[in-house]
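coords_38.cif follows (mmCIF, C-alpha atoms):
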```
data_run
#
loop_
_atom_site.label_atom_id
_atom_site.label_comp_id
_atom_site.auth_asym_id
_atom_site.auth_seq_id
_atom_site.Cartn_x
_atom_site.Cartn_y
_atom_site.Cartn_z
CA MET A 4 -54.63 -32.40 56.57
CA GLU A 5 -53.83 -30.82 59.94
CA ARG A 6 -50.15 -30.31 60.67
CA HIS A 7 -48.62 -31.77 63.82
CA TYR A 8 -45.64 -30.28 65.65
CA THR A 9 -42.87 -31.76 67.78
CA LEU A 10 -42.63 -30.70 71.41
CA SER A 11 -39.56 -28.58 70.63
CA GLU A 12 -41.46 -26.71 67.89
CA THR A 13 -44.51 -26.32 70.11
CA ALA A 14 -42.39 -25.03 73.00
CA MET A 15 -40.92 -22.36 70.75
CA LEU A 16 -44.33 -21.31 69.44
CA LEU A 17 -45.94 -21.07 72.87
CA GLY A 18 -42.93 -19.68 74.71
CA VAL A 19 -42.71 -22.50 77.25
CA THR A 20 -40.29 -25.37 77.88
CA THR A 21 -40.71 -28.88 76.54
CA GLN A 22 -40.92 -30.14 80.13
CA THR A 23 -43.89 -27.83 80.70
CA LEU A 24 -45.58 -29.35 77.65
CA ARG A 25 -44.96 -32.86 78.97
CA ASN A 26 -46.52 -31.85 82.29
CA TRP A 27 -49.49 -30.30 80.48
CA ASP A 28 -49.95 -33.51 78.53
CA LYS A 29 -50.08 -35.53 81.75
CA THR A 30 -52.66 -33.21 83.31
CA GLY A 31 -54.77 -32.87 80.17
CA LYS A 32 -54.10 -29.17 79.62
CA ILE A 33 -52.92 -29.97 76.10
CA LYS A 34 -53.97 -32.82 73.81
CA THR A 35 -51.24 -34.70 71.97
CA ILE A 36 -51.06 -37.71 69.72
CA ARG A 37 -48.39 -40.38 69.59
CA THR A 38 -46.39 -41.51 66.57
CA PRO A 39 -45.77 -45.24 65.93
CA GLY A 40 -42.47 -44.68 67.77
CA ASN A 41 -44.43 -43.30 70.76
CA GLN A 42 -43.20 -39.74 70.30
CA ARG A 43 -45.53 -36.85 71.14
CA ARG A 44 -46.95 -34.63 68.42
CA VAL A 45 -49.16 -31.58 69.02
CA PRO A 46 -51.98 -30.82 66.54
CA GLU A 47 -51.95 -27.33 65.07
CA SER A 48 -55.48 -26.76 66.41
CA GLU A 49 -54.21 -27.30 69.97
CA ILE A 50 -51.47 -24.72 69.53
CA MET A 51 -53.99 -22.26 68.08
CA ARG A 52 -56.30 -22.84 71.04
CA LEU A 53 -53.53 -22.21 73.57
CA SER A 54 -52.09 -19.25 71.71
CA MET A 55 -55.38 -17.36 71.22
CA ASN A 56 -54.41 -14.87 73.91
CA SER A 57 -50.90 -14.47 72.55
CA GLU A 58 -50.80 -12.48 69.33
CA ALA A 59 -47.07 -13.08 68.90
CA ALA A 60 -47.48 -16.83 69.25
CA ALA A 61 -50.35 -16.85 66.76
CA ILE A 62 -48.32 -14.86 64.21
CA THR A 63 -45.34 -17.22 64.65
CA LEU A 64 -47.62 -20.21 64.19
CA LYS A 65 -49.04 -18.82 60.96
CA THR A 66 -45.50 -18.20 59.69
CA THR A 67 -44.30 -21.72 60.38
CA ALA A 68 -47.52 -23.21 59.01
CA ALA A 69 -46.83 -21.36 55.76
CA GLY A 70 -43.61 -23.28 55.32
CA ALA A 71 -40.89 -21.81 57.56
CA SER A 72 -39.18 -24.21 59.93
CA ALA A 73 -39.58 -23.65 63.65
CA LYS A 74 -36.34 -22.77 65.40
CA PRO A 75 -35.04 -25.14 68.10
CA VAL A 76 -35.23 -24.21 71.74
CA LYS A 77 -32.29 -21.95 72.62
CA ILE A 78 -29.77 -22.98 75.24
CA HIS A 79 -28.80 -19.91 77.25
CA ASN A 80 -26.17 -21.36 79.59
CA LYS A 81 -23.03 -21.69 77.49
CA SER A 82 -21.36 -23.95 80.07
CA SER A 83 -24.26 -26.41 80.10
CA LEU A 84 -23.37 -30.07 79.68
CA LEU A 85 -25.26 -31.48 76.72
CA LEU A 86 -26.16 -34.96 75.59
CA MET A 87 -25.57 -35.05 71.86
CA CYS A 88 -26.69 -37.45 69.14
CA LYS A 89 -24.06 -36.90 66.48
CA ASP A 90 -24.14 -33.09 66.04
CA THR A 91 -27.67 -32.57 67.36
CA ALA A 92 -28.14 -31.43 70.95
CA VAL A 93 -30.70 -33.77 72.53
CA TYR A 94 -30.80 -32.98 76.24
CA ASN A 95 -29.42 -30.23 78.48
CA ILE A 96 -28.12 -32.25 81.43
CA THR A 97 -27.30 -29.20 83.52
CA ASP A 98 -30.77 -27.66 83.24
CA ASN A 99 -32.76 -30.89 82.89
CA GLU A 100 -34.22 -29.61 79.62
CA ILE A 101 -35.22 -31.69 76.60
CA ILE A 102 -33.95 -30.11 73.39
CA ASN A 103 -34.84 -32.71 70.74
CA GLU A 104 -37.45 -35.26 71.79
CA ASN A 105 -37.17 -37.34 68.60
CA LEU A 106 -33.57 -38.30 69.35
CA LEU A 107 -33.93 -38.92 73.08
CA PRO A 108 -32.95 -42.34 74.39
CA GLY A 109 -36.21 -44.29 74.36
CA CYS A 110 -36.35 -44.78 78.13
CA MET A 111 -36.15 -41.01 78.63
CA LEU A 112 -38.78 -40.47 75.96
CA HIS A 113 -41.08 -43.00 77.62
CA GLU A 114 -40.14 -41.69 81.09
CA THR A 115 -39.04 -45.05 82.47
CA MET A 116 -35.53 -43.75 83.31
CA ASP A 117 -33.90 -40.40 83.85
CA TYR A 118 -30.65 -39.43 82.17
CA PHE A 119 -28.38 -40.77 84.91
CA GLN A 120 -30.16 -44.13 85.08
CA TRP A 121 -29.95 -44.47 81.31
CA MET A 122 -26.25 -43.62 81.24
CA LYS A 123 -25.42 -46.38 83.69
CA THR A 124 -27.11 -48.99 81.49
CA ARG A 125 -24.55 -48.19 78.78
CA TYR A 126 -21.55 -48.78 81.00
CA SER A 127 -19.66 -52.09 81.00
CA THR A 128 -20.11 -53.40 84.51
CA GLY A 129 -17.37 -54.43 86.92
CA SER A 130 -17.37 -58.02 85.67
CA ASN A 131 -16.06 -56.89 82.28
CA ALA A 132 -12.36 -57.57 82.81
CA SER A 133 -11.37 -55.81 79.59
CA ALA A 134 -13.09 -52.60 80.70
CA GLN A 135 -11.51 -52.75 84.14
CA ARG A 136 -8.04 -53.28 82.68
CA MET A 137 -8.37 -50.40 80.25
CA MET A 138 -9.75 -47.99 82.81
CA LEU A 139 -6.95 -48.70 85.26
CA ALA A 140 -4.31 -48.32 82.55
CA ALA A 141 -5.85 -45.18 81.10
CA PHE A 142 -7.09 -43.29 84.17
CA GLY A 143 -5.48 -44.91 87.18
CA SER A 144 -8.97 -45.74 88.44
CA ASP A 145 -11.99 -47.76 87.40
CA THR A 146 -14.74 -45.34 88.39
CA TYR A 147 -17.63 -44.79 86.03
CA GLU A 148 -17.62 -41.02 86.50
CA SER A 149 -14.01 -40.54 85.42
CA ALA A 150 -14.55 -42.73 82.37
CA ALA A 151 -17.61 -40.73 81.30
CA GLU A 152 -15.82 -37.42 81.68
CA ILE A 153 -12.64 -38.39 79.82
CA THR A 154 -14.17 -40.51 77.07
CA ARG A 155 -17.29 -38.32 76.58
CA ALA A 156 -19.26 -41.55 77.12
CA LEU A 157 -18.70 -42.46 73.47
CA SER A 158 -19.77 -45.90 72.32
CA LEU A 159 -19.66 -48.07 69.24
CA SER A 160 -23.27 -49.04 69.88
CA ASP A 161 -24.89 -45.64 69.48
CA CYS A 162 -24.15 -42.05 68.49
CA TYR A 163 -24.61 -40.38 71.88
CA TRP A 164 -21.82 -38.36 73.49
CA LEU A 165 -21.25 -35.48 75.91
CA LYS A 166 -20.07 -31.92 75.27
CA ARG A 167 -20.25 -28.45 76.77
CA GLN A 168 -22.45 -25.93 75.01
CA ASP A 169 -19.51 -23.62 74.34
CA GLU A 170 -17.15 -26.30 72.98
CA ASP A 171 -16.23 -26.02 69.31
CA ILE A 172 -16.14 -29.73 68.49
CA LEU A 173 -18.08 -31.99 66.13
CA PHE A 174 -19.03 -35.66 66.18
CA ASN A 175 -16.66 -36.49 63.34
CA ASP A 176 -13.78 -35.10 65.40
CA ILE A 177 -14.18 -37.62 68.19
CA THR A 178 -16.32 -40.56 67.06
CA PRO A 179 -14.72 -44.01 67.36
CA TYR A 180 -16.58 -45.03 64.18
CA LEU A 181 -14.04 -43.06 62.16
CA LYS A 182 -10.77 -44.10 63.82
CA LYS A 183 -9.07 -47.22 65.14
CA GLU A 184 -9.85 -47.80 68.79
CA TRP A 185 -7.30 -48.44 71.46
CA ASP A 186 -7.24 -52.22 71.98
CA GLY A 187 -5.40 -52.36 75.30
CA THR A 188 -1.97 -53.20 73.88
CA GLY A 189 -0.70 -49.65 73.33
CA VAL A 190 -0.38 -46.45 75.32
CA TYR A 191 -3.59 -44.51 75.88
CA LYS A 192 -3.27 -40.96 74.52
CA GLY A 193 -6.74 -39.57 75.14
CA GLY A 194 -9.97 -39.63 73.18
CA SER A 195 -12.55 -42.37 73.40
CA ILE A 196 -12.43 -45.95 74.59
CA SER A 197 -15.69 -47.25 73.28
CA THR A 198 -15.34 -50.66 74.91
CA LEU A 199 -16.05 -49.01 78.27
CA PHE A 200 -19.50 -48.10 77.04
CA VAL A 201 -20.91 -51.29 75.59
CA SER A 202 -23.82 -52.89 77.42
CA GLY A 203 -23.43 -56.24 79.14
CA ALA A 204 -21.04 -57.81 81.62
CA ALA A 205 -19.12 -60.32 79.48
CA ASP A 206 -15.39 -59.81 78.98
CA LYS A 207 -15.22 -58.14 75.57
CA ARG A 208 -13.53 -55.31 73.73
CA TRP A 209 -13.58 -53.61 70.34
CA LEU A 210 -10.50 -54.48 68.31
CA ASP A 211 -11.39 -51.73 65.86
CA SER A 212 -14.56 -49.94 64.72
CA ARG A 213 -15.73 -53.06 62.87
CA THR A 214 -14.87 -55.97 65.18
CA LEU A 215 -15.93 -56.89 68.71
CA LEU A 216 -13.98 -59.66 70.43
CA LYS A 217 -15.83 -61.67 73.07
CA VAL A 218 -12.99 -63.19 75.04
CA LYS A 219 -13.03 -67.00 75.38
CA SER A 220 -16.58 -67.19 74.07
CA PHE A 221 -16.35 -70.22 71.80
CA LYS A 222 -19.63 -72.06 72.30
CA GLU A 223 -21.69 -69.31 70.66
CA ASN A 224 -20.49 -70.36 67.21
CA GLU A 225 -22.95 -73.24 66.95
CA SER A 226 -25.87 -70.92 67.76
CA TYR A 227 -25.08 -68.53 64.91
CA SER A 228 -24.62 -71.49 62.56
CA LEU A 229 -28.05 -72.83 63.54
CA CYS A 230 -29.59 -69.46 62.64
CA SER A 231 -28.03 -69.74 59.18
CA ALA A 232 -29.17 -73.33 58.73
CA LEU A 233 -32.74 -72.28 59.50
CA GLY A 234 -32.61 -69.41 57.00
CA LEU A 235 -32.65 -66.70 59.69
CA ASN A 236 -30.48 -63.97 58.25
CA ASN A 237 -31.14 -61.32 60.87
CA LYS A 238 -28.08 -62.18 62.95
CA ALA A 239 -24.74 -60.59 63.65
CA GLU A 240 -21.98 -61.68 61.28
CA HIS A 241 -19.28 -63.63 63.09
CA LYS A 242 -16.14 -65.70 62.80
CA MET A 243 -13.95 -67.55 65.28
CA SER A 244 -10.45 -66.71 66.47
CA ASP A 245 -8.02 -68.23 68.97
CA GLU A 246 -9.14 -65.65 71.56
CA GLY A 247 -12.87 -66.06 71.12
CA ILE A 248 -15.73 -65.15 68.81
CA LEU A 249 -15.41 -62.06 66.61
CA LEU A 250 -18.63 -60.17 65.84
CA LYS A 251 -18.96 -57.67 63.03
CA ASN A 252 -20.29 -54.32 64.18
CA PHE A 253 -23.89 -53.92 62.95
CA THR A 254 -24.08 -50.23 63.85
CA SER A 255 -22.65 -47.16 62.14
CA ALA A 256 -22.62 -43.39 62.40
CA ASP A 257 -26.06 -43.47 60.70
CA LEU A 258 -27.69 -46.44 62.44
CA PHE A 259 -27.41 -47.14 66.14
CA PHE A 260 -28.46 -49.88 68.52
CA GLU A 261 -30.82 -49.39 71.45
CA SER A 262 -31.50 -52.28 73.79
CA MET A 263 -35.00 -53.15 74.98
CA GLU A 264 -33.91 -51.98 78.43
CA GLN A 265 -32.84 -48.58 77.11
CA SER A 266 -35.88 -48.20 74.84
CA GLY A 267 -38.42 -47.91 77.63
CA PHE A 268 -40.97 -49.82 75.52
CA SER A 269 -41.49 -52.41 78.23
CA GLY A 270 -42.14 -51.69 81.91
CA GLU A 271 -40.51 -53.50 84.79
CA ASN A 272 -43.55 -55.71 85.39
CA ALA A 273 -44.10 -56.65 81.73
CA ASP A 274 -42.43 -59.40 79.73
CA PRO A 275 -40.14 -57.42 77.40
CA ARG A 276 -40.02 -60.37 75.01
CA GLU A 277 -43.77 -60.07 74.48
CA THR A 278 -43.26 -56.40 73.69
CA ALA A 279 -40.59 -57.29 71.12
CA VAL A 280 -42.90 -59.84 69.47
CA ALA A 281 -45.76 -57.34 69.41
CA ILE A 282 -43.54 -54.82 67.61
CA TYR A 283 -41.47 -56.99 65.25
CA LYS A 284 -43.57 -60.16 65.13
CA GLU A 285 -41.84 -63.14 63.45
CA GLN A 286 -38.48 -61.38 63.39
CA ALA A 287 -38.54 -61.21 67.20
CA ALA A 288 -40.28 -64.56 67.72
CA ALA A 289 -37.51 -66.32 65.80
CA LEU A 290 -34.88 -65.12 68.27
CA PHE A 291 -36.73 -66.66 71.19
CA VAL A 292 -37.26 -69.90 69.26
CA ILE A 293 -33.50 -70.13 68.67
CA ASP A 294 -32.91 -69.46 72.36
CA TYR A 295 -35.26 -72.35 73.16
CA PHE A 296 -33.50 -74.73 70.76
CA ILE A 297 -30.06 -73.97 72.22
CA GLU A 298 -31.15 -73.64 75.86
CA ASN A 299 -29.95 -70.05 76.10
CA ASN A 300 -31.15 -68.82 79.49
CA GLY A 301 -29.22 -65.55 79.37
CA ARG A 302 -31.54 -63.50 77.17
CA HIS A 303 -32.42 -60.31 79.06
CA ARG A 304 -33.71 -56.89 78.02
CA GLY A 305 -30.17 -55.60 77.68
CA ASN A 306 -29.07 -57.95 74.88
CA TYR A 307 -31.74 -57.53 72.24
CA GLY A 308 -33.49 -54.49 70.91
CA PHE A 309 -33.77 -52.07 68.01
CA ILE A 310 -31.91 -50.27 65.26
CA ARG A 311 -32.59 -46.51 65.16
CA ASP A 312 -31.84 -43.81 62.62
CA SER A 313 -29.32 -41.40 64.16
CA GLY A 314 -30.65 -38.51 62.09
CA THR A 315 -34.36 -38.82 62.88
CA GLY A 316 -34.53 -41.16 65.89
CA GLU A 317 -36.92 -43.45 64.01
CA TYR A 318 -37.07 -47.10 65.06
CA LEU A 319 -36.23 -48.99 61.86
CA SER A 320 -36.03 -52.70 62.69
CA ALA A 321 -35.24 -55.33 65.25
CA ALA A 322 -31.51 -55.47 65.93
CA PRO A 323 -29.56 -58.45 64.56
CA TYR A 324 -29.54 -61.47 66.85
CA TYR A 325 -26.47 -61.66 69.08
CA ASN A 326 -25.28 -62.87 72.49
CA PHE A 327 -25.80 -66.61 72.85
CA VAL A 328 -23.16 -66.90 75.55
CA LYS A 329 -25.36 -68.90 77.97
CA SER A 330 -26.41 -71.57 75.47
CA TRP A 331 -26.62 -75.29 76.25
CA SER A 332 -27.46 -74.45 79.88
CA GLY A 333 -29.82 -77.37 80.40
CA THR A 334 -32.74 -74.96 80.83
CA ALA A 335 -35.11 -73.82 78.07
CA VAL A 336 -36.91 -70.55 78.73
CA PRO A 337 -40.61 -70.71 77.69
CA LEU A 338 -41.54 -68.65 74.65
CA PRO A 339 -43.58 -65.46 75.08
CA GLU A 340 -47.26 -66.32 75.07
CA ASN A 341 -48.06 -64.00 72.15
CA ALA A 342 -45.40 -65.73 70.03
CA LEU A 343 -47.13 -69.08 70.50
CA GLN A 344 -50.61 -67.65 70.00
CA ASN A 345 -49.95 -65.39 67.02
CA HIS A 346 -47.08 -67.07 65.18
CA GLY A 347 -47.75 -70.76 65.62
CA ASP A 348 -47.38 -71.68 61.94
CA PHE A 349 -44.06 -69.85 61.71
CA ILE A 350 -42.73 -71.56 64.86
CA ARG A 351 -43.89 -74.95 63.60
CA ASP A 352 -42.00 -74.40 60.37
CA LEU A 353 -38.82 -73.53 62.26
CA CYS A 354 -39.15 -76.65 64.41
CA GLU A 355 -39.53 -78.90 61.39
CA LYS A 356 -36.50 -77.32 59.73
CA ALA A 357 -34.50 -77.76 62.95
CA LEU A 358 -35.25 -81.48 62.98
CA LEU A 359 -34.00 -81.75 59.40
CA VAL A 360 -30.68 -79.96 59.97
CA SER A 361 -29.90 -80.94 63.58
CA SER A 362 -27.55 -83.78 62.58
CA ARG A 363 -25.00 -81.18 61.46
CA PHE A 364 -24.53 -79.95 65.02
CA GLU A 365 -22.65 -81.15 68.07
CA HIS A 366 -25.71 -80.63 70.26
CA SER A 367 -28.09 -82.36 67.83
CA SER A 368 -29.91 -84.33 70.55
CA ILE A 369 -30.73 -81.14 72.47
CA ILE A 370 -31.95 -79.36 69.33
CA ASN A 371 -34.15 -82.35 68.47
CA THR A 372 -35.60 -82.57 71.97
CA ARG A 373 -36.40 -78.88 72.20
CA ALA A 374 -37.84 -78.71 68.66
CA ARG A 375 -40.21 -81.60 69.43
CA GLU A 376 -41.26 -79.90 72.66
CA LEU A 377 -42.18 -76.74 70.80
CA LEU A 378 -44.06 -78.72 68.16
CA GLY A 379 -46.23 -80.01 70.98
CA MET A 380 -47.07 -76.47 72.05
CA VAL A 381 -48.17 -74.95 68.73
#
```

Encoded form (structure tokens):
Amino acid sequence: MERHYTLSETAMLLGVTTQTLRNWDKTGKIKTIRTPGNQRRVPESEIMRLSMNSEAAAITLKTTAAGASAKPVKIHNKSSLLLMCKDTAVYNITDNEIINENLLPGCMLHETMDYFQWMKTRYSTGSNASAQRMMLAAFGSDTYESAAEITRALSLSDCYWLKRQDEDILFNDITPYLKKEWDGTGVYKGGSISTLFVSGAADKRWLDSRTLLKVKSFKENESYSLCSALGLNNKAEHKMSDEGILLKNFTSADLFFESMEQSGFSGENADPRETAVAIYKEQAAALFVIDYFIENNGRHRGNYGFIRDSGTGEYLSAAPYYNFVKSWSGTAVPLPENALQNHGDFIRDLCEKALLVSSRFEHSSIINTRARELLGMV
């Protein structure tokens, strides 16, 4: 079977940059294939074809084909600012050079966003009062740029962070996964504040590496309970407190979350929910059925997505269901067309179960009404 190489390996073998290879792919100068995760791979025969006039490249290719691992692209500027995924350099921000394509944020891999656009999607917007409070207390300002520089843009949603090429520092030295986060009640002493880099605008903060508090968000509880009553186990674990709902972190230093917005799987003019259903089928369809039952009209491409392996970049599963903050709105958002067409039996089963368990819930009449509506559509 023919071996296939990553862009980084191919760049090393041919003596070009990964960006050059991406440009060649667009113009047809090189033929690539795509993995199920939409990552480029270059067939060995293509590298041989392009390296025919380069004896050194051909010898290197034969060596790696025999079993030696290709070396990563070297970074020559020691002061370069790097985007890291754990301890793997992913992208040279200073030189606009891809270092490890497999671990790129999906939107950069799929070329729907550049680095700076992607970074802003990770930042808690101005309406997040917790983030504003913490930034002012910690930095004396609430500017995004100062937060990124001081906190290294660390998050408890993924394993990306920033470092200089010449810095002697490792992920385990600074990751919030391995230490208690500042919760706003103490004195900030440096390091990361992961709550500043959690997508979405709701007022929320990490109490520690395991628990996210969504301030004054009480009405979501019924939505999570409905998931359980319908046998849908792919949801975030939660419990209630006097301050709001507490969600258990479903990411770790080995598994990180990437929203549909950040994945780049769905273009601006496409329905991202249809993309989710096409990829994860019933697992994704169920989320949109729940949203219909509870009249959640706040589902957007930033609050559902994927779980990725932080070592390989592989897309492993749909992320657990979370964020039902705009439930019982009075408006039910129509299901994606491919959910109705391809998963009608599954949706019908969920509707019938909902009718059986609805009496347990405060909003039973709404659940009944919406379930019957869906039954009429499938």

CA of Leu319 (chain A) to CA of Glu49 (chain A): how many Å, to one decimal?
29.3 Å

Looking at A:Leu139, A:Leu215, A:Val45, A:Ile172, which one is nearest to Thr91 (chain A), with distances taken over only C-alpha atoms?
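Smallest distance to Thr91 (chain A) is found for A:Ile172.
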
Counting only C-alpha atoms, find the residues whose atoms lie at most 6 Å from (-21.7, -58.3, 62.3) (file coordinates) and write them out as an mmCIF file with C-alpha atoms, in the frame of the given file.
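And here's selection_11.cif as it stands now:
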```cif
data_model
loop_
_atom_site.group_PDB
_atom_site.id
_atom_site.type_symbol
_atom_site.label_atom_id
_atom_site.label_comp_id
_atom_site.auth_asym_id
_atom_site.auth_seq_id
_atom_site.Cartn_x
_atom_site.Cartn_y
_atom_site.Cartn_z
ATOM 1 C CA ALA A 239 -24.740 -60.590 63.650
ATOM 2 C CA GLU A 240 -21.980 -61.680 61.280
ATOM 3 C CA HIS A 241 -19.280 -63.630 63.090
ATOM 4 C CA LEU A 250 -18.630 -60.170 65.840
ATOM 5 C CA LYS A 251 -18.960 -57.670 63.030
ATOM 6 C CA ASN A 252 -20.290 -54.320 64.180
ATOM 7 C CA PHE A 253 -23.890 -53.920 62.950
#
```

Neighbouring residues of region 106-110 of chain A were defined as those with any atom within 7 Å, considering only C-alpha atoms; residues of the same chain fewer than 6 positions away were excluded. Please report them as a list in words.
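Using only C-alpha atoms, the neighbours found are Cys88, Val93, Met116, Gln265, Ser266, Gly267, Thr315 and Gly316 of chain A.
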
Exercise on region 293-298 of chain A, axis-aligned box with 4 Å per side, report centre and edge lengths in Å to one decimal, as AutoDock Vina command-line options:
```
--center_x -32.7 --center_y -72.1 --center_z 72.3 --size_x 13.2 --size_y 13.3 --size_z 15.2
```

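In terms of minimum interatomic distance to Glu223 (chain A), A:Val328 ranks closest within A:Ala140, A:Val328, A:Ala289, A:Cys162, counting all atoms listed in the file.
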
Counting all atoms listed in the file, the option among A:Asn306, A:Asn131, A:Ser160, A:Gln344 closest to Leu290 (chain A)
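Once distances to Leu290 (chain A) are computed over all atoms listed in the file, the minimum belongs to A:Asn306.
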
Please compute the CA of Gly333 (chain A)-CA of Gly379 (chain A) distance, one decimal, in Å.
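Answer for the CA of Gly333 (chain A) to CA of Gly379 (chain A) separation: 19.1 Å.
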
Select, from A:Glu246, A:Glu225, A:Asp28, A:Asp206, the residue with the minimum atom-to-atom distance to Ser133 (chain A), counting all atoms listed in the file.
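Distance minimum relative to Ser133 (chain A) lands on A:Asp206.
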
Where atoms are absent from region 232-252 of chain A, fill them in so it carries N, CA and C atoms, then output it as a short mmCIF file (atom, residue, chain, number, x, y, z; two decimals), keeping the file's coordinate frame.
```
data_model
loop_
_atom_site.label_atom_id
_atom_site.label_comp_id
_atom_site.auth_asym_id
_atom_site.auth_seq_id
_atom_site.Cartn_x
_atom_site.Cartn_y
_atom_site.Cartn_z
N ALA A 232 -28.59 -72.10 59.25
CA ALA A 232 -29.17 -73.33 58.73
C ALA A 232 -30.69 -73.26 58.65
N LEU A 233 -31.28 -72.43 59.49
CA LEU A 233 -32.74 -72.28 59.50
C LEU A 233 -33.20 -71.13 58.61
N GLY A 234 -32.25 -70.50 57.91
CA GLY A 234 -32.61 -69.41 57.00
C GLY A 234 -32.91 -68.10 57.70
N LEU A 235 -32.43 -67.94 58.93
CA LEU A 235 -32.65 -66.70 59.69
C LEU A 235 -31.45 -65.79 59.49
N ASN A 236 -31.61 -64.82 58.64
CA ASN A 236 -30.48 -63.97 58.25
C ASN A 236 -30.30 -62.75 59.13
N ASN A 237 -31.24 -62.50 60.02
CA ASN A 237 -31.14 -61.32 60.87
C ASN A 237 -30.29 -61.62 62.10
N LYS A 238 -29.01 -61.87 61.86
CA LYS A 238 -28.08 -62.18 62.95
C LYS A 238 -26.79 -61.43 62.70
N ALA A 239 -26.04 -61.24 63.78
CA ALA A 239 -24.74 -60.59 63.65
C ALA A 239 -23.79 -61.50 62.88
N GLU A 240 -23.00 -60.91 62.00
CA GLU A 240 -21.98 -61.68 61.28
C GLU A 240 -20.85 -62.01 62.26
N HIS A 241 -20.30 -63.21 62.12
CA HIS A 241 -19.28 -63.63 63.09
C HIS A 241 -18.24 -64.53 62.44
N LYS A 242 -17.12 -64.67 63.13
CA LYS A 242 -16.14 -65.70 62.80
C LYS A 242 -15.37 -66.01 64.07
N MET A 243 -14.65 -67.12 64.08
CA MET A 243 -13.95 -67.55 65.28
C MET A 243 -12.47 -67.17 65.21
N SER A 244 -11.88 -66.95 66.37
CA SER A 244 -10.45 -66.71 66.47
C SER A 244 -9.92 -67.51 67.65
N ASP A 245 -8.61 -67.50 67.85
CA ASP A 245 -8.02 -68.23 68.97
C ASP A 245 -8.42 -67.62 70.31
N GLU A 246 -8.78 -66.33 70.31
CA GLU A 246 -9.14 -65.65 71.56
C GLU A 246 -10.61 -65.76 71.90
N GLY A 247 -11.44 -66.00 70.89
CA GLY A 247 -12.87 -66.06 71.12
C GLY A 247 -13.63 -65.71 69.86
N ILE A 248 -14.91 -65.45 69.99
CA ILE A 248 -15.73 -65.15 68.81
C ILE A 248 -15.57 -63.67 68.44
N LEU A 249 -15.52 -63.41 67.14
CA LEU A 249 -15.41 -62.06 66.61
C LEU A 249 -16.72 -61.69 65.94
N LEU A 250 -17.36 -60.61 66.39
CA LEU A 250 -18.63 -60.17 65.84
C LEU A 250 -18.43 -58.90 65.03
N LYS A 251 -19.04 -58.86 63.86
CA LYS A 251 -18.96 -57.67 63.03
C LYS A 251 -19.93 -56.62 63.55
N ASN A 252 -19.46 -55.41 63.70
CA ASN A 252 -20.29 -54.32 64.18
C ASN A 252 -21.49 -54.11 63.24
#
```
